[in-house]
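Below you'll find the structure, written out as structure tokens, and then a few comments.
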Amino acid sequence: MKKILLALVALFATVAVEAKIIKITMANDDPKIYTSSQLSAIDFNDDGTISVYDYKGALLATLDPNFDELTIGDEEEVYEYTHQELTTDFGGMISMMTDTGSGMASLLDQIPVYKRVVRQLMFYYPSVDPYGDPITLSGCITIPLDIWSGREKSEGILLFSHVTLADNASRPSSGDMLLETFIMSNPVNPNYIMVEPDLYGFGATERFPQAFIQGDANGRATVDCLLAAKRILEKKGIDYGKLTFNAGYSGGGFEALSAQKARDMYYADQLSFDKTFAGGSPADIAQSYNTIIENGKIGISVVLPMIMIATNETQQLGLPYNELFKEPFASQVDELFLSKKHSAWDLENVFWKEENNEYVQKEFNEYVQDAYLDLSTPQSQALQSVLEPLAIINGWTPDPSQNIYLMHLQDDDTVPYENSASVAAFLMGNGFTPSTISGQTNLETCLTLNTMGMSNNHLLGVFPYVIKLVSEMVAWPLMYTNGQLNPDYLDLLNIDFTNPVVIVNVLEALGIDVRSMVYQIIAGLEASGQEVTVENVMVVLNQQLTEKGIDLVNLASILQTVDIDLNNALASVVEYLIEEYNTNDDQLRAPALRAAKVQTPIEQYEQQMSDWLTPAINALKK
């Protein structure tokens with residue numbers, strides 16, 4: 001059985017992430033000297049030989065087990081191996097998606113094209129693999145050319161974890177920029193340097209199966225990538241600014257939380273994140289798997305087999321794929337997934353079929369073995385027991401000095417909303433205070449956005465996530481000094497939750513159009529001849545909120561921190577809206593709204609970003 005690096009660790013204790021030269025003298029006295037950054041891995045084979053691989057996965061040497069020496073010395077631990085100049089371009093994104101048959105192409109075509117030239121540095125750095133053993137990984141630094149040339153000042157670094165990938169060609173260090181284009185190239189022009197790890201299974205470690213949502217090692221790899229990137233920038237004399245944001249959406253949201261966890265547990269003395277932005281994160285993979293199986297459906301089909309395959313490979317379960325999947329899919333796993341030749345967009349088509357002249361999603365039982373579709377079977381329970389320890393909150397002692405933003409569509413049809421809700425509850429139990437307002441507390445949440453049952457809405461969540469992330473990236477330098485909110489803006493964040501107009505605004509920001517809901521209830525009561533009272537409207541409102549699946553637990557916990565009962569707060573809102581409805585006076589209403597809500601710089605940038613992306617959002621809603 002392959003044992004990656006275990007014996008190596010025993011030989012010299014800690015190659016780990018320190019700078020090293022590895023000198024190997026073989027039996028024939030032919031010395032081979034490599035730096036640790038040149039090595040992808042060292043495998044100890046079943047026959048006793050030792051295979052040494054370079055960063056591309058090519059075999060450098062096969063050593064006799066009786067080699068004479070293995071010595072370690074100092075050497076530069078990270079190095080740039082190439083660079084390229086790219087132009088971020090929505091047109092290129094659209095062409096790529098058109099080629100793969102993705103419906104997202106027409107959606108992106110709605111967004112005004114905005115281009116930005118960037119310089120990209122690809123590099124290797126030492127870190128750990130999913131088993132905690134030393135390994136060399138790859139990543140990249142993306143620098144807007146106006147920052148590279150000195151025409152603009154960098155405000156900071158964005159450590160960005162890429163979205164779910166299936167093919168090696170889409171890794172960050174290949175120059176592929178999908179979601180990154182939204183972030184780096186938009187009208188508000190964020191002046192940041194972006195750092196991205198390829199992560200295990202891509203780039204330098206392409207020959208290994210990817211560790212998709214598989215625990216803490218990717219968090220350490222992400223932070224190691226940031227530290228290595230800073231050393232490269234410092235060596236080149238590039239001022240990367242004062243701020244450090246940590247972000248990711250979907251699978252990248254999980255990795256962003258993993259990086260925050262790794263920072264708290266292993267690197268607190270080396271760095272601090274100004275804010276972590278985790279969107280649509282599958283933070284509890286066991287809970288996700290269970291919910292998906294119970295629901296019998298998923299918005300993005302490729303995610304379920306990716307979870308099962310990555311778990312089987314990374315956790316070394318050794319299950320034959322015809323035990324997990326039905327044919328012909330079981331025999332196609334190597335070609336479709338483990339080869340890393342096919343993008344996630346391409347693979348999604350595998351799970352759709354033509355039926356009655358329509359293109360429809362396949363049922364799980366058409367490709368997953370029945371034993372894994374019943375949560376009570378021994379096979380399913382065994383898989384759950386492997387997945388449960390992988391939850392992000394396990395083994396994490398959070399640092400309340402950090403700032404975290406959690407965003408999740410409540411009706412997310414691919415990554416269940418409960419993932420982020422459980423993380424919010426965990427953080428609240430460990431010294432974090434929730435708020436819906438930027439800068440007010442150390443835990444900002446937006447977990448109640450509801451798309452009212454739209455299909456593939458996990459993709460829609462990208463838009464509010466990017467609006468929020470980019471808006472804060474641009475606004476922070478104006479609003480904060482050394483991580484502290486400037487006094488001039490404190491008054492803008494003093495939210496009076498006793499004011500019903502303020503509560504209406506907060507609910508609308510969370511995606512709950514309570515004004516329209518109450519107006520419809522009032523009209524319905526009037527049409528049926530019933531008396532319009534606060535009590536009657538509240539009964540119907542509560543019923544409608546329940547039917548729409550809107551979970552107000554998050555808002556209730558926020559109000560509770562300022563000693564306000566949610567039911568009483570809603571009653572005051574209803575009373576106000578009844579009066580507003582009866583006056584039907586827009587001129588009267590507008591001054592009240594203006595007085596209740598003054599835009600902060602973050603909200604101003606959110607509006608600009610929202611205006612830019614609105615055509616695409618509307619196209620997706622259709």
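A note on labels: chains of the structure tokens are A, B, ... as shown, every chain counts residues from 1, and ligands are counted from 1 in their shown order.
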
Considering only C-alpha atoms, give me a table of residues in region 249-327 of chain A that are at most 12 Å from region 126-133 of chain A, with the closest atom pair and distance in Å for each, as JSON lines.
{"residue": "A:Ala310", "atom": "CA", "partner": "A:Pro130", "partner_atom": "CA", "distance": 11.4}
{"residue": "A:Thr311", "atom": "CA", "partner": "A:Pro130", "partner_atom": "CA", "distance": 11.3}
{"residue": "A:Glu313", "atom": "CA", "partner": "A:Pro130", "partner_atom": "CA", "distance": 10.9}
{"residue": "A:Thr314", "atom": "CA", "partner": "A:Pro130", "partner_atom": "CA", "distance": 7.3}
{"residue": "A:Gln315", "atom": "CA", "partner": "A:Pro130", "partner_atom": "CA", "distance": 8.8}
{"residue": "A:Gln316", "atom": "CA", "partner": "A:Tyr131", "partner_atom": "CA", "distance": 10.6}

With N, CA, C and O atoms retained, write the just-selected residues as a PDB file, in the first residue's frame.
ATOM      1  N   ALA A 310     -14.511  11.833  -4.166  1.00  0.00           N
ATOM      2  CA  ALA A 310     -13.429  12.441  -3.385  1.00  0.00           C
ATOM      3  C   ALA A 310     -13.294  11.777  -2.020  1.00  0.00           C
ATOM      4  O   ALA A 310     -12.182  11.565  -1.524  1.00  0.00           O
ATOM      5  N   THR A 311     -14.414  11.440  -1.405  1.00  0.00           N
ATOM      6  CA  THR A 311     -14.372  10.779  -0.102  1.00  0.00           C
ATOM      7  C   THR A 311     -13.765   9.391  -0.221  1.00  0.00           C
ATOM      8  O   THR A 311     -12.921   8.984   0.596  1.00  0.00           O
ATOM      9  N   GLU A 313     -11.646   8.331  -2.440  1.00  0.00           N
ATOM     10  CA  GLU A 313     -10.223   8.426  -2.760  1.00  0.00           C
ATOM     11  C   GLU A 313      -9.418   9.020  -1.596  1.00  0.00           C
ATOM     12  O   GLU A 313      -8.421   8.438  -1.154  1.00  0.00           O
ATOM     13  N   THR A 314      -9.853  10.165  -1.088  1.00  0.00           N
ATOM     14  CA  THR A 314      -9.070  10.877  -0.077  1.00  0.00           C
ATOM     15  C   THR A 314      -9.060  10.143   1.257  1.00  0.00           C
ATOM     16  O   THR A 314      -8.039  10.095   1.951  1.00  0.00           O
ATOM     17  N   GLN A 315     -10.207   9.594   1.620  1.00  0.00           N
ATOM     18  CA  GLN A 315     -10.282   8.856   2.886  1.00  0.00           C
ATOM     19  C   GLN A 315      -9.831   7.409   2.736  1.00  0.00           C
ATOM     20  O   GLN A 315      -9.917   6.624   3.683  1.00  0.00           O
ATOM     21  N   GLN A 316      -9.389   7.061   1.527  1.00  0.00           N
ATOM     22  CA  GLN A 316      -8.823   5.734   1.224  1.00  0.00           C
ATOM     23  C   GLN A 316      -9.768   4.610   1.653  1.00  0.00           C
ATOM     24  O   GLN A 316      -9.368   3.629   2.282  1.00  0.00           O
TER      25      GLN A 316
END

Find the residues of region 169-219 of chain A that sit at most 8 Å from region 465-485 of chain A; for each, write down the nearest two atoms and how far apart they are in Å, to one decimal. Count only C-alpha atoms. Sort by chain, then by number going up, and give it as CSV.
residue,atom,partner,partner_atom,distance
A:Phe182,CA,A:Val466,CA,7.2
A:Ile183,CA,A:Val470,CA,6.2
A:Val188,CA,A:Val474,CA,7.2
A:Asn189,CA,A:Val474,CA,7.7
A:Pro190,CA,A:Val474,CA,5.4
A:Asn191,CA,A:Val474,CA,7.6

One decimal place gives the CA of Tyr249 (chain A)-CA of Gly279 (chain A) separation as 4.5 Å

Rank nothing, just name the residue among A:Glu526, A:Leu390, A:Ser339, A:Asp374 nearest to Ile307 (chain A), using only C-alpha atoms.
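Checking each of A:Glu526, A:Leu390, A:Ser339, A:Asp374 against Ile307 (chain A), counting only C-alpha atoms, the winner is A:Leu390.
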
Which residues of region 156-200 of chain A come within 6 Å of region 135-143 of chain A, and for each one, what is the closest pair of atoms and their distance in Å to one decimal, counting only C-alpha atoms, sorted by chain and residue number, as CSV?
residue,atom,partner,partner_atom,distance
A:Ser173,CA,A:Cys140,CA,5.1
A:Ile193,CA,A:Ile143,CA,4.9
A:Met194,CA,A:Thr142,CA,5.0
A:Val195,CA,A:Ile141,CA,4.6
A:Glu196,CA,A:Cys140,CA,5.5
A:Pro197,CA,A:Gly139,CA,4.1
A:Asp198,CA,A:Gly139,CA,5.1

Can you check which parts of region 240-304 of chain A lie within 9 Å of region 343-352 of chain A? Per residue, the shortest pair of atoms and distance in Å to one decimal, counting only C-alpha atoms, sorted by chain and number, as CSV.
residue,atom,partner,partner_atom,distance
A:Ile300,CA,A:Glu348,CA,7.1
A:Ser301,CA,A:Glu348,CA,6.1
A:Val302,CA,A:Glu348,CA,5.3
A:Val303,CA,A:Glu348,CA,8.8

Just asking: which residues within region 255-455 of chain A are helix (DSSP H, G or I) according to DSSP, as a PyMOL selection string?
chain A and resi 255-266+285-295+303-314+321-324+329-338+344-351+364-366+370-372+378-390+418-428

Compare A:Ile157, A:Val386, A:Ala371, A:Ala204 by their minimum atom-to-atom distance to Ser272 (chain A), counting only C-alpha atoms, and give me the closest one.
A:Ile157

So, counting only C-alpha atoms, which residue among A:Ala61, A:Leu317, A:Val573, A:Glu354 is closest to Ala382 (chain A)?
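Closest to Ala382 (chain A), using only C-alpha atoms: A:Leu317.
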
Rounded to one decimal place, report the CA of Val117 (chain A)-CA of Leu178 (chain A) distance in Å.
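So the answer is 14.7 Å.
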
Can you list every residue in region 393-473 of chain A that DSSP puts in strand (DSSP E or B), as number ranges by chain?
A: 404-407, 434-435, 443-446

Restricted to C-alpha atoms, what would the selected residues look like written as a compact mmCIF listing (two decimals), in the first residue's frame?
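Result file follows (part-v9.txt):
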# COMPACT_ATOMS: atom_id res chain seq x y z
CA ILE A 404 -16.69 36.60 9.38
CA TYR A 405 -19.46 37.08 6.83
CA LEU A 406 -21.74 34.13 6.06
CA MET A 407 -24.03 34.28 3.05
CA PRO A 434 -24.46 38.33 14.91
CA SER A 435 -25.57 41.30 12.86
CA LEU A 443 -20.25 38.05 12.67
CA GLU A 444 -22.25 39.36 9.74
CA THR A 445 -24.91 37.06 8.36
CA CYS A 446 -27.16 37.02 5.33
